[in-house]
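Student: Once you've had a glance at the structure underneath, I'll fire off some questions.
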Protein chains: 2
Amino acid sequence: MTLYFGVDVGGTSIKTALVTEKGEMVTKSSFATNPHRCPEDVCNELQGVLHQAVEKAACSMSDVVGVGVGLPGFLDLQKGEIIKLPNIGWERVPFIQIAESAFHLPVVMENDAKVAALAESWIGAGQHALALGCVTVGTGVGGGFVVHQRLYRGVNGMAGEVGHLTVDKGGLPCHCGRRGCLETVASATAMVRRAKELQASGQLSDEIAIDEAKTIFDLAEKGDNIAQQIIDEAADWLGFGLSIIAGTVNPDTILIGGGISKAGDVFLRPVTEAFRRYALHLVADACTVRAAKLTNDAGVIGASRLVSQRESLRR
Amino acid sequence: MTLYFGVDVGGTSIKTALVTEKGEMVTKSSFATNPHRCPEDVCNELQGVLHQAVEKAACSMSDVVGVGVGLPGFLDLQKGEIIKLPNIGWERVPFIQIAESAFHLPVVMENDAKVAALAESWIGAGQHALALGCVTVGTGVGGGFVVHQRLYRGVNGMAGEVGHLTVDKGGLPCHCGRRGCLETVASATAMVRRAKELQASGQLSDEIAIDEAKTIFDLAEKGDNIAQQIIDEAADWLGFGLSIIAGTVNPDTILIGGGISKAGDVFLRPVTEAFRRYALHLVADACTVRAAKLTNDAGVIGASRLVSQRESLRR
């Protein structure tokens, strides 16, 4: 039996799963992310979780061939280092070395949005895509490209880092230090910020506190035009971003994942319309935009796929 | 001896060369493009040119293993058809069939900007690039990506069609039927149009007729601030476009080719500055922007490279 241990490190929780060669989860579990803990501590806890999972699944540690970890931020894959995880605060961490010491197993890591893209191409909504673009829209905007079932990373792993494409010249400041990134206009955070601005200026009722994009979708569903306008603006920017991605990479499939995709067609329809308006016809006609499928499990499954592809290279 | 016949069909001339396996041109020639001639006629003339070239080079027709053709427009590579060459007027032409009947040799075709990218990666300024983006700026803006020495085409050959990336939402109309394409703000044509607007409004002297971008560069060199401003605006948009390309594909090298690259550092410097301003640091730091090398010969050499790569697959 061959198993992979998939780990998905998020801003609020760390998810894990033991995954088979077919992408099936044998066991899964999660625990809260504590940003004050150091990477050594977290890896030691994860090693304990792995042993419990193996016991629970009634298999053996020798079945587990490696550990894959999805991480929310910028990584130096050549050095095996975390450059920066903005939401967790880890910076310049020799992660692969720390994790391999804890697990006594080969460890591979990748950016979380790329890992999600890989999962969708493996057993999700992008299985039959020749060239797949995945865009994850939540607190931020992330992305990944999978060509012929392999992640396309670019020369230093930054390919698909679409949340930080400048789309709005001289636009709003972004936490990356620049202005007008796609993330500043098309993320859930951007929608909430815009809603708060419109509440402050009196254009949107401030009876309800708006702390998540879901509230805006709820208001729009009840017929609030301003809430609808916020959604339409974000959808327009996201469609614009997709047109750039598609015009560059020319994929047959683009998947929208992340928290905001839960809104379903209410968001996906205007995004797709904007995409088709901004993209060259020959590009748009070749490309389907649809919702990602794996949602919460994409991280652990994609991280496992990383290991399986690495192991197949070793054999 | 193995030779390739490279053909570069442009709006004003059709260039040809017999090229060796090392990318050296044995003979070259060109004749004027006549938009009123049909593809059959042109292919028959090219077949005559090939025979003359073989004679001139004192080699044999059996040395020529295939013909590669670069074409300025949209192609359907699966069907072997020209979809549209806007500047020549050919539309829905079964080009491969016509050309193979004329040459009695295998024929491959590709978009001219992609062919130029392939040439640069073979023997030009992109020889050592792992991931290369080439942007050709002239009458229009074209582009191509070469990853590990192979063209990345996307699912229907539209990857790298960067001239028609929408960069300016609601911007100027483009001949493709949409608005705000990179081509409408960053091409030589865009600069000339802007200069004429500024002449009409009296902001730029109309003593000199401006029919080509070179005149604008000449004026700027003489200290004309308005001419300099036109250059800076186009350079800013092009740098913005490069930041999008680099943020998506994450190349180590971007080459600027085409007519406008003759302006040299006067144009390349502000383009590079804008690129670094709009791109994420990790993306910009991994990528060098420089001038393409092969200029006029890129088409025939890249077209030959197409044949050589196709032939190596057949062996």
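Residue numbers start at 1 in each chain; chains themselves are named A, B, ... in the order of the structure tokens; ligands are numbered from 1 in the order shown.
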Mind listing as a PyMOL selection string which residues of chain A are within 10 Å of chain B, counting only C-alpha atoms?

Tutor: chain A and resi 74+129-132+143-145+147+152-170+176-181+237+240-241+243-253+277-283+285-287

Student: Need the shell around B:Glu40: protein/DNA/RNA residues with any atom at most 9 Å away, counting only C-alpha atoms. Skip same-chain ones fewer than 3 positions apart. Format as a list in words?

Tutor: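 The residues that qualify are Arg37, Cys43, Asn44, Glu45, Phe95, Ile98, Ala99 and Ala102 of chain B.
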
Student: Neighbours of A:Pro106 within 9 Å (only C-alpha atoms; same-chain residues fewer than 3 positions away dropped), as a PyMOL selection string?

Tutor: chain A and resi 65-68+96+99-100+103+307

Student: Contacts of A:Ala190 at 10 Å or less, counting only C-alpha atoms, minus same-chain residues fewer than 6 places along, as a list in words?

Tutor: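 Within the cut-off, the hits are Gly138, Thr139, Gly140, Leu172, Leu182, Glu183, Thr184, Lys196, Ala213, Ile230 and Ala234 of chain A.
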
Student: Between atom CA of B:Thr288 and atom CA of A:Glu110, what is the spacing in Å?

Tutor: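 Interatomic distance here is 24.7 Å.
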
Student: Excluding same-chain residues fewer than 2 positions from stretch 77-89 of chain B, what lies within 9 Å of it counting only C-alpha atoms, as a ChimeraX atom specification?

Tutor: /B:10-11,33-36,71-75,91-97,108-110,156-157,175

Student: At a cut-off of 8 Å, using only C-alpha atoms, what residues contact B:Ile231? Leave out same-chain residues fewer than 3 positions from it and give the result as a PyMOL selection string.

Tutor: chain B and resi 191+216-217+227-228+234-235+267

Student: Name all residues at most 10 Å from B:His128 (count only C-alpha atoms; drop same-chain ones fewer than 4 positions away) and give them as a list in words.

Tutor: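 Contacts, with the query itself left out: Glu120, Ser121, Trp122, Ile123, Gly124, Leu132, His148, Gln149, Asp252 and Thr253 of chain B.
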
Student: Figure out the distance between atom CA of B:Arg194 and atom CA of B:Asn225, please, to one decimal in Å.

Tutor: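 Separating atom CA of B:Asn225 from atom CA of B:Arg194 is a distance of 14.0 Å.
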
Student: Go through B:Gly133, B:Val69, B:Gly239, B:Gln309 one by one, measure the shortest atom-to-atom distance of each to B:Arg269 using only C-alpha atoms, and give the residue with the smallest value.

Tutor: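 Using only C-alpha atoms, B:Arg269 sits closest to B:Gly239.
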